[in-house]
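**Q** First, the structure itself, so that you have it in front of you.
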Amino acid sequence: MTAPDAHPLDLLRQQASHTDPRDVQRDLNARPLPTLAPGTWGAGAEDTLRGATGMERKMQMEMRIGLEGHLHDLPLRRTAPLADMTLPELLTEHAEGRRTLLRVLDRLLTVGETHDLRAWTLGEEVPPAVYVLALRGRLARLDDLIAAQRVTISP
């Protein structure tokens, strides 16, 4: 019998013990949006963008729930249903949503420096230092899905 693989949260907790959450945040802020890369979009781009944007909205809500009582000056961005958006609208929505997500992350980390906060990820409530690492992985996977919708046309 082999030992079970470590739970992803255990790995993130271990990594959080020697990682500065603000370094992870700086990395996320510096990462270029996959929607801004040059190229032509594939046929599945709209569906992929709807899914990725919806997941990023969910991530914002995970953080907002953890910030209960500390949201007084953090604006709630009005959103529209993704189902009816065209590709150009989805590209704009994704960029705006990502900017908002990063603002909410900044608030989570800032408030988490002085208050005991938790955000929900991978089936558990975790401190901001663990959440930001999980968020980095989740956003990287979504960015990869979006980038895969780019089509390279050979001359």
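Each chain in the structure tokens gets a letter, A, B and so on, in the order shown; residues start at 1 in every chain, and ligands are counted from 1 in the order they appear.
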Mind the document's chain letters and residue numbers, and return as an MDAnalysis selection string the residues of chain A that DSSP labels strand (DSSP E or B).
**A** chainID A and resid 40:41 119:121 124:126 150:151
**Q** For region 56-72 of chain A, please output as a PDB file with N, CA and C atoms, in the first residue's frame all residues within 9 Å (counting only C-alpha atoms; exclusion window: fewer than 4 positions along the same chain).
**A**
```
ATOM      1  N   GLY A  51     -16.459  31.009 -18.842  1.00  0.00           N
ATOM      2  CA  GLY A  51     -16.113  30.147 -17.716  1.00  0.00           C
ATOM      3  C   GLY A  51     -15.054  30.761 -16.823  1.00  0.00           C
ATOM      4  N   ALA A  52     -14.000  31.304 -17.420  1.00  0.00           N
ATOM      5  CA  ALA A  52     -12.907  31.892 -16.638  1.00  0.00           C
ATOM      6  C   ALA A  52     -13.375  33.131 -15.883  1.00  0.00           C
ATOM      7  N   HIS A  94     -13.531  40.596 -18.719  1.00  0.00           N
ATOM      8  CA  HIS A  94     -12.472  39.832 -18.054  1.00  0.00           C
ATOM      9  C   HIS A  94     -11.410  40.768 -17.486  1.00  0.00           C
ATOM     10  N   GLY A  97     -12.883  42.646 -14.535  1.00  0.00           N
ATOM     11  CA  GLY A  97     -13.056  41.710 -13.425  1.00  0.00           C
ATOM     12  C   GLY A  97     -11.739  41.368 -12.752  1.00  0.00           C
ATOM     13  N   ARG A  98     -10.680  41.181 -13.536  1.00  0.00           N
ATOM     14  CA  ARG A  98      -9.366  40.856 -12.964  1.00  0.00           C
ATOM     15  C   ARG A  98      -8.845  42.030 -12.130  1.00  0.00           C
ATOM     16  N   THR A 100     -10.624  44.235 -10.559  1.00  0.00           N
ATOM     17  CA  THR A 100     -11.404  44.248  -9.325  1.00  0.00           C
ATOM     18  C   THR A 100     -10.950  43.135  -8.394  1.00  0.00           C
ATOM     19  N   LEU A 101     -10.722  41.955  -8.923  1.00  0.00           N
ATOM     20  CA  LEU A 101     -10.254  40.828  -8.114  1.00  0.00           C
ATOM     21  C   LEU A 101      -8.949  41.190  -7.402  1.00  0.00           C
ATOM     22  N   LEU A 102      -8.030  41.830  -8.100  1.00  0.00           N
ATOM     23  CA  LEU A 102      -6.749  42.195  -7.490  1.00  0.00           C
ATOM     24  C   LEU A 102      -6.917  43.275  -6.426  1.00  0.00           C
ATOM     25  N   VAL A 104      -9.626  43.515  -4.497  1.00  0.00           N
ATOM     26  CA  VAL A 104     -10.187  42.781  -3.357  1.00  0.00           C
ATOM     27  C   VAL A 104      -9.083  41.981  -2.665  1.00  0.00           C
ATOM     28  N   LEU A 105      -8.182  41.389  -3.438  1.00  0.00           N
ATOM     29  CA  LEU A 105      -7.054  40.668  -2.848  1.00  0.00           C
ATOM     30  C   LEU A 105      -6.201  41.600  -2.000  1.00  0.00           C
ATOM     31  N   ARG A 107      -7.139  44.209  -0.410  1.00  0.00           N
ATOM     32  CA  ARG A 107      -7.875  44.463   0.843  1.00  0.00           C
ATOM     33  C   ARG A 107      -7.772  43.262   1.774  1.00  0.00           C
ATOM     34  N   LEU A 108      -7.918  42.061   1.230  1.00  0.00           N
ATOM     35  CA  LEU A 108      -7.827  40.850   2.048  1.00  0.00           C
ATOM     36  C   LEU A 108      -6.468  40.783   2.745  1.00  0.00           C
ATOM     37  N   VAL A 111      -6.151  43.872   5.416  1.00  0.00           N
ATOM     38  CA  VAL A 111      -6.944  43.655   6.631  1.00  0.00           C
ATOM     39  C   VAL A 111      -6.424  42.429   7.376  1.00  0.00           C
ATOM     40  N   GLY A 112      -5.980  41.429   6.635  1.00  0.00           N
ATOM     41  CA  GLY A 112      -5.451  40.217   7.255  1.00  0.00           C
ATOM     42  C   GLY A 112      -4.191  40.443   8.074  1.00  0.00           C
ATOM     43  N   LEU A 117      -8.615  36.854   9.602  1.00  0.00           N
ATOM     44  CA  LEU A 117      -9.549  36.627   8.495  1.00  0.00           C
ATOM     45  C   LEU A 117      -9.351  35.241   7.918  1.00  0.00           C
ATOM     46  N   ARG A 118     -10.379  34.762   7.265  1.00  0.00           N
ATOM     47  CA  ARG A 118     -10.317  33.497   6.542  1.00  0.00           C
ATOM     48  C   ARG A 118     -11.059  33.678   5.217  1.00  0.00           C
ATOM     49  N   ALA A 119     -10.556  33.012   4.192  1.00  0.00           N
ATOM     50  CA  ALA A 119     -11.233  32.977   2.895  1.00  0.00           C
ATOM     51  C   ALA A 119     -11.382  31.512   2.501  1.00  0.00           C
ATOM     52  N   TRP A 120     -12.420  31.221   1.765  1.00  0.00           N
ATOM     53  CA  TRP A 120     -12.760  29.841   1.432  1.00  0.00           C
ATOM     54  C   TRP A 120     -12.043  29.407   0.161  1.00  0.00           C
ATOM     55  N   THR A 121     -11.317  28.293   0.242  1.00  0.00           N
ATOM     56  CA  THR A 121     -10.708  27.703  -0.948  1.00  0.00           C
ATOM     57  C   THR A 121     -10.453  26.225  -0.714  1.00  0.00           C
ATOM     58  N   GLU A 125     -11.781  27.020   5.029  1.00  0.00           N
ATOM     59  CA  GLU A 125     -11.443  28.418   5.262  1.00  0.00           C
ATOM     60  C   GLU A 125      -9.971  28.481   5.633  1.00  0.00           C
ATOM     61  N   PRO A 128      -5.242  34.431   4.789  1.00  0.00           N
ATOM     62  CA  PRO A 128      -4.865  35.078   3.530  1.00  0.00           C
ATOM     63  C   PRO A 128      -3.547  34.586   2.932  1.00  0.00           C
ATOM     64  N   TYR A 131      -4.501  31.529   1.133  1.00  0.00           N
ATOM     65  CA  TYR A 131      -5.447  31.831   0.063  1.00  0.00           C
ATOM     66  C   TYR A 131      -4.742  32.411  -1.163  1.00  0.00           C
ATOM     67  N   LEU A 135      -4.919  31.104  -4.897  1.00  0.00           N
ATOM     68  CA  LEU A 135      -5.410  32.006  -5.935  1.00  0.00           C
ATOM     69  C   LEU A 135      -4.420  32.089  -7.094  1.00  0.00           C
ATOM     70  N   LEU A 139      -5.540  31.171 -10.843  1.00  0.00           N
ATOM     71  CA  LEU A 139      -5.478  32.157 -11.920  1.00  0.00           C
ATOM     72  C   LEU A 139      -4.533  31.707 -13.030  1.00  0.00           C
ATOM     73  N   LEU A 142      -6.444  29.284 -15.164  1.00  0.00           N
ATOM     74  CA  LEU A 142      -7.419  29.979 -16.005  1.00  0.00           C
ATOM     75  C   LEU A 142      -6.721  30.735 -17.136  1.00  0.00           C
TER      76      LEU A 142
END
```
**Q** Just asking: which residues within region 18-84 of chain A are alpha helix (DSSP H) according to DSSP, as a PyMOL selection string?
**A** chain A and resi 21-30+45-66
**Q** With only C-alpha atoms counted and 8 Å as the cut-off, give the residues of region 48-146 of chain A in contact with region 15-34 of chain A, each with its shortest interatomic distance in Å and the pair that gives it, as CSV.
**A**
```
residue,atom,partner,partner_atom,distance
A:Ala95,CA,A:Leu33,CA,7.3
A:Leu102,CA,A:Asn29,CA,7.1
A:Leu105,CA,A:Gln25,CA,7.9
A:Asp106,CA,A:Gln25,CA,7.6
A:Leu109,CA,A:Pro21,CA,7.6
A:Pro128,CA,A:Pro21,CA,7.8
A:Ala129,CA,A:Pro21,CA,5.3
A:Val130,CA,A:Ala16,CA,5.6
A:Val132,CA,A:Pro21,CA,6.6
A:Leu133,CA,A:Val24,CA,7.1
A:Arg136,CA,A:Leu28,CA,6.9
A:Asp143,CA,A:Pro34,CA,5.8
A:Asp144,CA,A:Pro34,CA,7.9
A:Ile146,CA,A:Pro34,CA,6.4
```
**Q** Record the distance separating CA of Thr40 (chain A) and CA of Arg150 (chain A), expressed in Å with one decimal.
**A**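 CA of Arg150 (chain A) lies 5.7 Å from CA of Thr40 (chain A).
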**Q** What gap, in Å, lies between CA of Gln14 (chain A) and CA of Met55 (chain A)?
**A**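 Distance reported for this atom pair: 25.3 Å.
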**Q** Please tabulate, as JSON lines, the residues of region 77-151 of chain A that come within 12 Å of region 43-47 of chain A, each with its closest pair of atoms and the distance in Å to one decimal, counting only C-alpha atoms and ordering rows by chain, then residue number upward.
**A**
```
{"residue": "A:Leu82", "atom": "CA", "partner": "A:Glu46", "partner_atom": "CA", "distance": 9.4}
{"residue": "A:Ala83", "atom": "CA", "partner": "A:Asp47", "partner_atom": "CA", "distance": 8.7}
{"residue": "A:Asp84", "atom": "CA", "partner": "A:Glu46", "partner_atom": "CA", "distance": 10.2}
{"residue": "A:Met85", "atom": "CA", "partner": "A:Glu46", "partner_atom": "CA", "distance": 8.4}
{"residue": "A:Thr86", "atom": "CA", "partner": "A:Glu46", "partner_atom": "CA", "distance": 7.3}
{"residue": "A:Leu87", "atom": "CA", "partner": "A:Glu46", "partner_atom": "CA", "distance": 5.7}
{"residue": "A:Pro88", "atom": "CA", "partner": "A:Glu46", "partner_atom": "CA", "distance": 9.3}
{"residue": "A:Glu89", "atom": "CA", "partner": "A:Glu46", "partner_atom": "CA", "distance": 9.8}
{"residue": "A:Leu90", "atom": "CA", "partner": "A:Glu46", "partner_atom": "CA", "distance": 7.2}
{"residue": "A:Leu91", "atom": "CA", "partner": "A:Glu46", "partner_atom": "CA", "distance": 8.9}
{"residue": "A:Glu93", "atom": "CA", "partner": "A:Glu46", "partner_atom": "CA", "distance": 11.7}
{"residue": "A:His94", "atom": "CA", "partner": "A:Glu46", "partner_atom": "CA", "distance": 11.1}
{"residue": "A:Leu145", "atom": "CA", "partner": "A:Ala45", "partner_atom": "CA", "distance": 9.3}
{"residue": "A:Ile146", "atom": "CA", "partner": "A:Ala45", "partner_atom": "CA", "distance": 7.2}
{"residue": "A:Ala147", "atom": "CA", "partner": "A:Ala45", "partner_atom": "CA", "distance": 9.2}
{"residue": "A:Ala148", "atom": "CA", "partner": "A:Ala45", "partner_atom": "CA", "distance": 8.8}
{"residue": "A:Gln149", "atom": "CA", "partner": "A:Ala45", "partner_atom": "CA", "distance": 5.4}
{"residue": "A:Arg150", "atom": "CA", "partner": "A:Ala45", "partner_atom": "CA", "distance": 7.9}
{"residue": "A:Val151", "atom": "CA", "partner": "A:Ala43", "partner_atom": "CA", "distance": 9.2}
```
**Q** Write out the residues from the selection above, keeping N, CA and C atoms, as a PDB file, in the first residue's frame.
**A**
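Result saved to part-v2.pdb:
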```
ATOM      1  N   LEU A  82     -22.984  36.934 -18.302  1.00  0.00           N
ATOM      2  CA  LEU A  82     -21.951  36.616 -19.289  1.00  0.00           C
ATOM      3  C   LEU A  82     -22.525  35.938 -20.533  1.00  0.00           C
ATOM      4  N   ALA A  83     -23.659  35.279 -20.391  1.00  0.00           N
ATOM      5  CA  ALA A  83     -24.210  34.452 -21.469  1.00  0.00           C
ATOM      6  C   ALA A  83     -24.485  35.227 -22.753  1.00  0.00           C
ATOM      7  N   ASP A  84     -24.867  36.496 -22.621  1.00  0.00           N
ATOM      8  CA  ASP A  84     -25.241  37.270 -23.808  1.00  0.00           C
ATOM      9  C   ASP A  84     -24.116  38.148 -24.337  1.00  0.00           C
ATOM     10  N   MET A  85     -22.944  38.108 -23.701  1.00  0.00           N
ATOM     11  CA  MET A  85     -21.848  38.986 -24.118  1.00  0.00           C
ATOM     12  C   MET A  85     -21.149  38.461 -25.368  1.00  0.00           C
ATOM     13  N   THR A  86     -20.770  39.404 -26.218  1.00  0.00           N
ATOM     14  CA  THR A  86     -19.980  39.082 -27.406  1.00  0.00           C
ATOM     15  C   THR A  86     -18.509  38.965 -27.007  1.00  0.00           C
ATOM     16  N   LEU A  87     -17.683  38.500 -27.916  1.00  0.00           N
ATOM     17  CA  LEU A  87     -16.258  38.358 -27.617  1.00  0.00           C
ATOM     18  C   LEU A  87     -15.627  39.678 -27.166  1.00  0.00           C
ATOM     19  N   PRO A  88     -15.834  40.797 -27.873  1.00  0.00           N
ATOM     20  CA  PRO A  88     -15.233  42.049 -27.395  1.00  0.00           C
ATOM     21  C   PRO A  88     -15.717  42.436 -25.990  1.00  0.00           C
ATOM     22  N   GLU A  89     -17.000  42.210 -25.719  1.00  0.00           N
ATOM     23  CA  GLU A  89     -17.527  42.509 -24.382  1.00  0.00           C
ATOM     24  C   GLU A  89     -16.911  41.594 -23.330  1.00  0.00           C
ATOM     25  N   LEU A  90     -16.728  40.325 -23.668  1.00  0.00           N
ATOM     26  CA  LEU A  90     -16.117  39.377 -22.734  1.00  0.00           C
ATOM     27  C   LEU A  90     -14.665  39.743 -22.438  1.00  0.00           C
ATOM     28  N   LEU A  91     -13.945  40.204 -23.440  1.00  0.00           N
ATOM     29  CA  LEU A  91     -12.553  40.620 -23.233  1.00  0.00           C
ATOM     30  C   LEU A  91     -12.486  41.802 -22.271  1.00  0.00           C
ATOM     31  N   GLU A  93     -14.856  42.663 -20.077  1.00  0.00           N
ATOM     32  CA  GLU A  93     -15.353  42.196 -18.774  1.00  0.00           C
ATOM     33  C   GLU A  93     -14.276  41.431 -18.019  1.00  0.00           C
ATOM     34  N   HIS A  94     -13.531  40.596 -18.719  1.00  0.00           N
ATOM     35  CA  HIS A  94     -12.472  39.832 -18.054  1.00  0.00           C
ATOM     36  C   HIS A  94     -11.410  40.768 -17.486  1.00  0.00           C
ATOM     37  N   LEU A 145      -5.886  28.348 -19.833  1.00  0.00           N
ATOM     38  CA  LEU A 145      -7.065  27.982 -20.631  1.00  0.00           C
ATOM     39  C   LEU A 145      -7.396  29.071 -21.646  1.00  0.00           C
ATOM     40  N   ILE A 146      -7.315  30.319 -21.196  1.00  0.00           N
ATOM     41  CA  ILE A 146      -7.598  31.437 -22.103  1.00  0.00           C
ATOM     42  C   ILE A 146      -6.545  31.497 -23.205  1.00  0.00           C
ATOM     43  N   ALA A 147      -5.285  31.398 -22.825  1.00  0.00           N
ATOM     44  CA  ALA A 147      -4.196  31.469 -23.812  1.00  0.00           C
ATOM     45  C   ALA A 147      -4.310  30.358 -24.851  1.00  0.00           C
ATOM     46  N   ALA A 148      -4.837  29.215 -24.458  1.00  0.00           N
ATOM     47  CA  ALA A 148      -4.982  28.090 -25.390  1.00  0.00           C
ATOM     48  C   ALA A 148      -6.019  28.380 -26.476  1.00  0.00           C
ATOM     49  N   GLN A 149      -6.829  29.408 -26.283  1.00  0.00           N
ATOM     50  CA  GLN A 149      -7.838  29.763 -27.286  1.00  0.00           C
ATOM     51  C   GLN A 149      -7.281  30.665 -28.382  1.00  0.00           C
ATOM     52  N   ARG A 150      -6.010  31.026 -28.265  1.00  0.00           N
ATOM     53  CA  ARG A 150      -5.370  31.829 -29.310  1.00  0.00           C
ATOM     54  C   ARG A 150      -5.004  30.926 -30.478  1.00  0.00           C
ATOM     55  N   VAL A 151      -5.223  31.413 -31.672  1.00  0.00           N
ATOM     56  CA  VAL A 151      -4.921  30.652 -32.878  1.00  0.00           C
ATOM     57  C   VAL A 151      -3.763  31.339 -33.592  1.00  0.00           C
TER      58      VAL A 151
END
```
**Q** A:Thr48, A:Glu124, A:Thr79, A:Leu11: which is nearest Arg141 (chain A), counting only C-alpha atoms?
**A**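 Using only C-alpha atoms, Arg141 (chain A) sits closest to A:Thr48.
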**Q** Separation of CA of Ala37 (chain A) and CA of Ala140 (chain A), in Å?
**A**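 Distance reported for this atom pair: 14.9 Å.
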